[in-house]
>>> print(open('data_36.cif').read())   # mmCIF, C-alpha atoms and all ligand atoms
data_query
#
loop_
_atom_site.label_atom_id
_atom_site.label_comp_id
_atom_site.auth_asym_id
_atom_site.auth_seq_id
_atom_site.Cartn_x
_atom_site.Cartn_y
_atom_site.Cartn_z
CA MET A 588 17.26 -5.32 4.56
CA ASN A 589 18.55 -4.04 7.86
CA ASN A 590 17.37 -6.51 10.46
CA GLU A 591 16.01 -9.95 11.08
CA PHE A 592 12.42 -8.82 11.51
CA GLU A 593 12.31 -7.04 8.17
CA LYS A 594 13.97 -9.97 6.40
CA LYS A 595 11.31 -12.27 7.76
CA HIS A 596 8.48 -9.79 7.23
CA ARG A 597 9.29 -9.18 3.57
CA HIS A 598 9.44 -12.85 2.77
CA VAL A 599 6.87 -14.51 4.99
CA ASP A 600 4.18 -11.83 5.02
CA SER A 601 4.19 -11.33 1.29
CA GLY A 602 0.51 -10.48 0.89
CA HIS A 603 -0.79 -13.65 -0.72
CA PHE A 604 -3.65 -12.85 -3.04
CA ARG A 605 -5.41 -16.17 -2.65
CA GLY A 606 -6.41 -18.13 0.43
CA LYS A 607 -7.20 -16.99 3.97
CA PHE A 608 -6.16 -13.37 3.33
CA GLY A 609 -9.26 -12.95 1.16
CA SER A 610 -11.60 -12.82 4.14
CA PHE A 611 -9.35 -11.11 6.62
CA LEU A 612 -9.16 -7.84 4.66
CA ASP A 613 -11.85 -6.78 2.21
CA ALA A 614 -10.06 -4.69 -0.42
CA GLU A 615 -13.31 -3.48 -2.00
CA THR A 616 -14.48 -1.98 1.30
CA ALA A 617 -11.17 -0.17 1.72
CA LEU A 618 -11.30 1.15 -1.85
CA ARG A 619 -14.84 2.43 -1.34
CA GLU A 620 -13.68 4.32 1.77
CA ILE A 621 -10.80 5.83 -0.23
CA GLY A 622 -13.28 7.04 -2.85
CA LEU A 623 -11.39 5.64 -5.83
CA LYS A 624 -13.12 6.36 -9.13
CA THR A 625 -13.08 5.62 -12.85
CA GLY A 626 -10.11 7.18 -14.61
CA ASP A 627 -7.91 7.46 -11.51
CA THR A 628 -4.22 6.56 -11.57
CA LEU A 629 -3.15 4.64 -8.47
CA LEU A 630 0.27 3.66 -7.19
CA ASP A 631 0.11 0.42 -5.17
CA ALA A 632 3.29 0.67 -3.07
CA GLY A 633 4.29 -2.77 -1.78
CA CYS A 634 1.53 -4.45 -3.79
CA GLY A 635 2.34 -8.06 -2.87
CA GLU A 636 0.47 -10.41 -5.17
CA GLY A 637 -2.19 -7.82 -5.98
CA ARG A 638 -4.89 -8.03 -3.33
CA PHE A 639 -5.57 -4.33 -4.07
CA SER A 640 -4.17 -3.88 -7.57
CA ILE A 641 -6.66 -6.32 -9.12
CA PRO A 642 -9.88 -4.74 -7.70
CA VAL A 643 -8.40 -1.26 -8.28
CA SER A 644 -7.94 -2.08 -11.97
CA GLU A 645 -11.67 -2.87 -12.23
CA ILE A 646 -12.73 0.35 -10.51
CA VAL A 647 -10.45 2.73 -12.46
CA GLY A 648 -11.32 1.05 -15.76
CA ASP A 649 -9.76 1.51 -19.19
CA SER A 650 -9.24 5.22 -18.69
CA GLY A 651 -7.37 4.63 -15.41
CA LYS A 652 -4.07 3.02 -14.52
CA VAL A 653 -2.43 1.03 -11.72
CA TYR A 654 1.32 1.12 -11.11
CA ALA A 655 2.16 -1.80 -8.80
CA PHE A 656 5.57 -2.04 -7.14
CA ASP A 657 6.99 -4.70 -4.86
CA ILE A 658 10.53 -5.60 -3.85
CA SER A 659 9.74 -9.31 -4.10
CA GLU A 660 10.27 -10.82 -7.53
CA GLU A 661 8.07 -13.76 -6.54
CA SER A 662 5.13 -11.49 -5.70
CA ILE A 663 5.48 -9.49 -8.91
CA ASN A 664 5.68 -12.66 -10.99
CA SER A 665 2.56 -13.95 -9.31
CA LEU A 666 0.74 -10.65 -9.96
CA LYS A 667 1.88 -10.71 -13.59
CA GLU A 668 0.44 -14.22 -13.98
CA GLU A 669 -2.88 -13.01 -12.59
CA ILE A 670 -2.83 -10.02 -14.96
CA LYS A 671 -2.26 -12.33 -17.90
CA LYS A 672 -4.89 -14.83 -16.80
CA ARG A 673 -7.52 -12.11 -16.43
CA ASN A 674 -6.40 -10.23 -19.57
CA ILE A 675 -5.98 -7.02 -17.55
CA LYS A 676 -4.64 -4.08 -19.59
CA ASN A 677 -4.37 -1.28 -17.06
CA ILE A 678 -1.89 -2.62 -14.47
CA GLU A 679 1.86 -2.20 -14.87
CA ALA A 680 3.73 -4.30 -12.30
CA PHE A 681 7.38 -3.71 -11.42
CA ILE A 682 9.99 -5.08 -9.06
CA GLY A 683 11.07 -2.00 -7.14
CA ASP A 684 12.05 -0.62 -3.76
CA ILE A 685 9.46 1.93 -2.65
CA THR A 686 11.88 3.45 -0.13
CA LYS A 687 13.94 4.67 -3.12
CA LYS A 688 13.03 6.98 -6.02
CA LEU A 689 10.50 5.16 -8.22
CA PRO A 690 10.36 5.61 -12.01
CA ILE A 691 7.13 7.61 -11.78
CA LYS A 692 6.75 11.25 -12.86
CA ASP A 693 6.34 14.01 -10.26
CA GLY A 694 2.72 15.02 -9.68
CA SER A 695 1.21 12.30 -11.88
CA ILE A 696 -0.72 10.05 -9.45
CA ASP A 697 -4.24 10.50 -8.03
CA VAL A 698 -3.99 7.94 -5.20
CA CYS A 699 -0.99 6.35 -3.47
CA LEU A 700 -1.88 3.22 -1.54
CA MET A 701 0.32 1.74 1.17
CA ALA A 702 -1.38 -1.39 2.45
CA ASN A 703 0.03 -3.43 5.31
CA ILE A 704 3.51 -2.07 4.80
CA LEU A 705 4.15 1.17 6.71
CA HIS A 706 4.67 -0.52 10.10
CA GLY A 707 7.48 -2.66 8.62
CA LEU A 708 9.14 0.33 6.96
CA VAL A 709 9.04 2.27 10.22
CA VAL A 710 10.87 -0.59 11.98
CA ASN A 711 13.63 -0.14 9.40
CA LYS A 712 13.55 3.65 9.63
CA GLU A 713 12.42 3.78 6.00
CA GLY A 714 8.99 5.28 6.63
CA GLY A 715 10.05 8.90 6.06
CA SER A 716 11.81 8.38 2.72
CA THR A 717 8.86 6.35 1.45
CA ILE A 718 6.25 8.95 2.44
CA LYS A 719 8.41 11.67 0.86
CA GLY A 720 8.40 9.65 -2.36
CA MET A 721 4.60 9.33 -2.25
CA PHE A 722 4.36 13.13 -1.85
CA ARG A 723 6.57 13.65 -4.91
CA VAL A 724 4.49 11.49 -7.27
CA LEU A 725 1.04 12.67 -6.14
CA LYS A 726 -0.89 15.39 -7.95
CA PRO A 727 -1.76 18.47 -5.85
CA ASN A 728 -4.61 17.42 -3.54
CA GLY A 729 -3.86 13.77 -4.37
CA ILE A 730 -4.72 11.08 -1.82
CA LEU A 731 -2.39 8.97 0.29
CA ALA A 732 -4.23 5.97 1.77
CA VAL A 733 -2.51 3.99 4.51
CA VAL A 734 -4.17 0.67 5.32
CA ASP A 735 -2.65 -1.09 8.30
CA PHE A 736 -3.32 -3.41 11.22
CA LYS A 737 -5.24 -2.08 14.21
CA LYS A 738 -3.10 -1.67 17.30
CA ILE A 739 -4.51 -4.78 18.97
CA ASP A 740 -3.02 -8.17 19.70
CA GLY A 741 -2.84 -10.63 16.81
CA PRO A 742 -2.75 -13.01 15.14
CA PRO A 743 -3.23 -12.18 12.35
CA GLY A 744 -0.58 -9.55 11.73
CA PRO A 745 2.70 -8.29 13.12
CA PRO A 746 3.62 -8.09 16.83
CA LEU A 747 1.68 -5.47 18.77
CA SER A 748 4.92 -3.61 19.59
CA ILE A 749 5.45 -2.55 15.98
CA ARG A 750 1.85 -1.80 15.00
CA LEU A 751 1.00 1.84 14.36
CA ALA A 752 -2.09 3.60 15.66
CA PRO A 753 -3.72 5.98 13.14
CA LYS A 754 -2.42 8.90 15.25
CA GLU A 755 1.17 7.64 14.81
CA VAL A 756 0.64 7.33 11.05
CA GLU A 757 -0.62 10.92 11.06
CA GLU A 758 2.49 12.10 12.94
CA ILE A 759 4.77 10.51 10.34
CA THR A 760 2.92 11.70 7.23
CA GLY A 761 2.35 15.18 8.69
CA LYS A 762 6.12 15.79 8.58
CA TYR A 763 6.05 15.36 4.80
CA GLY A 764 3.16 17.61 3.84
CA PHE A 765 0.08 15.44 4.28
CA LYS A 766 -3.13 16.49 6.02
CA LYS A 767 -5.42 13.86 7.52
CA LYS A 768 -8.87 13.71 5.96
CA ARG A 769 -10.34 10.80 7.91
CA VAL A 770 -9.90 7.35 9.43
CA ALA A 771 -12.19 4.38 8.75
CA GLU A 772 -12.33 0.89 10.17
CA ILE A 773 -11.93 -1.90 7.60
CA GLY A 774 -13.27 -5.10 9.12
CA GLU A 775 -12.00 -6.70 12.27
CA TYR A 776 -8.26 -6.20 11.89
CA HIS A 777 -7.58 -3.09 9.81
CA TYR A 778 -8.06 0.64 9.43
CA VAL A 779 -7.43 3.06 6.61
CA VAL A 780 -6.18 6.58 7.15
CA ILE A 781 -6.82 8.92 4.25
CA PHE A 782 -4.52 11.92 3.74
CA VAL A 783 -4.47 14.77 1.23
CA LYS A 784 -1.32 16.22 -0.29
CA LYS A 785 -1.29 19.82 0.91
CA ALA A 786 -0.46 22.55 -1.59
CA LYS A 787 3.09 23.88 -0.96
C1 LIG A 801 2.21 -7.58 4.11
S1 LIG A 801 2.58 -7.49 2.41
C2 LIG A 801 1.25 -6.46 1.83
C3 LIG A 801 0.94 -6.68 0.39
C4 LIG A 801 -0.30 -5.90 -0.12
N1 LIG A 801 -0.12 -4.47 -0.01
C5 LIG A 801 -1.52 -6.32 0.67
O1 LIG A 801 -2.00 -5.55 1.50
O2 LIG A 801 -1.99 -7.44 0.45
C6 LIG A 801 3.96 -6.37 2.37
C7 LIG A 801 4.60 -6.30 1.00
O3 LIG A 801 5.53 -5.25 0.97
C8 LIG A 801 6.65 -5.64 0.21
N2 LIG A 801 7.78 -4.78 0.57
C9 LIG A 801 8.45 -4.73 1.75
N3 LIG A 801 9.40 -3.78 1.70
C10 LIG A 801 9.33 -3.22 0.46
C11 LIG A 801 10.06 -2.19 -0.20
N4 LIG A 801 11.05 -1.55 0.41
N5 LIG A 801 9.74 -1.89 -1.47
C12 LIG A 801 8.73 -2.55 -2.11
N6 LIG A 801 8.00 -3.53 -1.53
C13 LIG A 801 8.30 -3.86 -0.27
C14 LIG A 801 6.82 -7.11 0.56
O4 LIG A 801 7.58 -7.79 -0.42
C15 LIG A 801 5.38 -7.57 0.64
O5 LIG A 801 4.91 -8.04 -0.61
#
>>> encode(input="data_36.cif", output="structure tokens", more="lines below")
Ligand SMILES: C[S@@+](CC[C@H](N)C(=O)[O-])C[C@H]1O[C@@H](n2cnc3c(N)ncnc32)[C@H](O)[C@@H]1O
Amino acid sequence: MNNEFEKKHRHVDSGHFRGKFGSFLDAETALREIGLKTGDTLLDAGCGEGRFSIPVSEIVGDSGKVYAFDISEESINSLKEEIKKRNIKNIEAFIGDITKKLPIKDGSIDVCLMANILHGLVVNKEGGSTIKGMFRVLKPNGILAVVDFKKIDGPPGPPLSIRLAPKEVEEITGKYGFKKKRVAEIGEYHYVVIFVKKAK
């Protein structure tokens, strides 16, 4: 952790699965926009307590897989409890730093999801290395989906000064081989930008 904001962000805004977050971002709507389907393998980068991983596991089904990574041990433990409670078989949850090389094979993932995390990584100048990592693990023509806060005043969400407009997200990902497919609004506070991994 390189600065006070990130320290606070990683701990305080840890993506609680239960409670008020439930209504402020509808994961199912976002996943519909992304076009996730049965049999897909998804990497949930910075999964928190599993707001996305849990509904993703239902959509991809037994023939699909979710790899969920978060740097917070507390969040991963909480997600693992939920997995156990619901007897979920297709999520593997790991403590891991998504800005570093993850233990995932090159070209093996259908969809990489970065939800409510890119703005914080950009503050720490870790956006580029993370996006590069997403490019490495995606299959050719795989999807990178970036869900983040609209560039409007909160609360909820981070300070306006560090929020990213979809155009800024596109500028960052474009440097690492992604082509924008489309942008969709997800409720009052969020958007999703959907990118495709371009063939080299
Ligand atoms: C705002 S939460 C979002 C959680 C989830 N994606 C969601 O939308 O509900 C951001 C998450 O990113 C995690 N995180 C921050 N930096 C990370 C890193 N370098 N590697 C992995 N996880 C990280 C935090 O621990 C936190 O759980």
>>> closest_residue(input="data_36.cif", among="A:Glu615, A:Asp657, A:Glu758, A:Asp649", to="Met701 (chain A)", atoms="only C-alpha atoms")
A:Asp657
>>> closest_residue(input="data_36.cif", among="A:Val653, A:Cys699, A:Val779, A:Ile749", to="Leu725 (chain A)", atoms="only C-alpha atoms")
A:Cys699
>>> atom_distance(input="data_36.cif", atom1="CA of Tyr654 (chain A)", atom2="CA of Arg750 (chain A)")
26.3 Å
>>> closest_residue(input="data_36.cif", among="A:Ser640, A:Thr717, A:Thr628, A:Thr686", to="ligand LIG 801 (chain A)", atoms="only C-alpha atoms and all ligand atoms")
A:Thr686
>>> closest_residue(input="data_36.cif", among="A:Glu713, A:Glu645, A:Glu660, A:Glu775", to="Gly626 (chain A)", atoms="only C-alpha atoms")
A:Glu645
>>> closest_residue(input="data_36.cif", among="A:Ser650, A:Leu689, A:Thr760, A:Val734", to="Ile773 (chain A)", atoms="all atoms listed in the file")
A:Val734
>>> residues_around(input="data_36.cif", residues="region 780-786 of chain A", least_positions_apart="2", cutoff="8 Å", atoms="only C-alpha atoms", output="VMD selection string")
chain A and resid 621 722 725 to 734 753 756 764 to 771 778
>>> residues_around(input="data_36.cif", residues="Pro746 (chain A)", least_positions_apart="5", cutoff="12 Å", atoms="all atoms listed in the file", output="number ranges by chain")
A: 592, 596, 706-707, 710, 736-741, 751
>>> closest_residue(input="data_36.cif", among="A:Ile678, A:Ala655, A:Ile704, A:Ile718", to="Asp735 (chain A)", atoms="all atoms listed in the file")
A:Ile704
>>> axis_aligned_box(input="data_36.cif", around="region 754-768 of chain A", padding_each_side="5 Å", output="JSON")
{"center_x": -1.4, "center_y": 12.5, "center_z": 9.5, "size_x": 25.0, "size_y": 20.3, "size_z": 21.4}
>>> build_atoms(input="data_36.cif", residues="region 759-779 of chain A", atoms="N, CA and C atoms", output="mmCIF file, keeping the file's coordinate frame")
data_model
loop_
_atom_site.group_PDB
_atom_site.id
_atom_site.type_symbol
_atom_site.label_atom_id
_atom_site.label_comp_id
_atom_site.auth_asym_id
_atom_site.auth_seq_id
_atom_site.Cartn_x
_atom_site.Cartn_y
_atom_site.Cartn_z
ATOM 1 N N ILE A 759 3.724 10.753 11.344
ATOM 2 C CA ILE A 759 4.770 10.510 10.340
ATOM 3 C C ILE A 759 4.464 11.267 9.047
ATOM 4 N N THR A 760 3.259 11.102 8.533
ATOM 5 C CA THR A 760 2.920 11.700 7.230
ATOM 6 C C THR A 760 2.852 13.230 7.311
ATOM 7 N N GLY A 761 2.458 13.732 8.498
ATOM 8 C CA GLY A 761 2.350 15.180 8.690
ATOM 9 C C GLY A 761 3.676 15.893 8.470
ATOM 10 N N LYS A 762 4.776 15.193 8.758
ATOM 11 C CA LYS A 762 6.120 15.790 8.580
ATOM 12 C C LYS A 762 6.444 16.003 7.111
ATOM 13 N N TYR A 763 5.716 15.305 6.234
ATOM 14 C CA TYR A 763 6.050 15.360 4.800
ATOM 15 C C TYR A 763 4.963 16.009 3.963
ATOM 16 N N GLY A 764 4.111 16.793 4.602
ATOM 17 C CA GLY A 764 3.160 17.610 3.840
ATOM 18 C C GLY A 764 1.786 16.999 3.628
ATOM 19 N N PHE A 765 1.414 16.014 4.429
ATOM 20 C CA PHE A 765 0.080 15.440 4.280
ATOM 21 C C PHE A 765 -0.848 15.897 5.401
ATOM 22 N N LYS A 766 -2.114 16.088 5.037
ATOM 23 C CA LYS A 766 -3.130 16.490 6.020
ATOM 24 C C LYS A 766 -4.159 15.375 6.118
ATOM 25 N N LYS A 767 -4.455 14.959 7.352
ATOM 26 C CA LYS A 767 -5.420 13.860 7.520
ATOM 27 C C LYS A 767 -6.831 14.304 7.110
ATOM 28 N N LYS A 768 -7.481 13.444 6.322
ATOM 29 C CA LYS A 768 -8.870 13.710 5.960
ATOM 30 C C LYS A 768 -9.788 12.920 6.891
ATOM 31 N N ARG A 769 -9.546 11.603 6.980
ATOM 32 C CA ARG A 769 -10.340 10.800 7.910
ATOM 33 C C ARG A 769 -9.760 9.404 8.101
ATOM 34 N N VAL A 770 -10.295 8.726 9.121
ATOM 35 C CA VAL A 770 -9.900 7.350 9.430
ATOM 36 C C VAL A 770 -11.161 6.494 9.347
ATOM 37 N N ALA A 771 -11.044 5.291 8.778
ATOM 38 C CA ALA A 771 -12.190 4.380 8.750
ATOM 39 C C ALA A 771 -11.722 2.985 9.136
ATOM 40 N N GLU A 772 -12.623 2.267 9.780
ATOM 41 C CA GLU A 772 -12.330 0.890 10.170
ATOM 42 C C GLU A 772 -12.612 -0.003 8.964
ATOM 43 N N ILE A 773 -11.706 -0.946 8.697
ATOM 44 C CA ILE A 773 -11.930 -1.900 7.600
ATOM 45 C C ILE A 773 -11.956 -3.288 8.228
ATOM 46 N N GLY A 774 -13.141 -3.764 8.526
ATOM 47 C CA GLY A 774 -13.270 -5.100 9.120
ATOM 48 C C GLY A 774 -12.673 -5.177 10.509
ATOM 49 N N GLU A 775 -12.398 -6.416 10.896
ATOM 50 C CA GLU A 775 -12.000 -6.700 12.270
ATOM 51 C C GLU A 775 -10.567 -6.278 12.597
ATOM 52 N N TYR A 776 -9.694 -6.318 11.600
ATOM 53 C CA TYR A 776 -8.260 -6.200 11.890
ATOM 54 C C TYR A 776 -7.581 -4.936 11.368
ATOM 55 N N HIS A 777 -8.262 -4.192 10.498
ATOM 56 C CA HIS A 777 -7.580 -3.090 9.810
ATOM 57 C C HIS A 777 -8.285 -1.748 9.925
ATOM 58 N N TYR A 778 -7.506 -0.706 9.615
ATOM 59 C CA TYR A 778 -8.060 0.640 9.430
ATOM 60 C C TYR A 778 -7.438 1.222 8.169
ATOM 61 N N VAL A 779 -8.065 2.280 7.671
ATOM 62 C CA VAL A 779 -7.430 3.060 6.610
ATOM 63 C C VAL A 779 -7.407 4.509 7.060
#
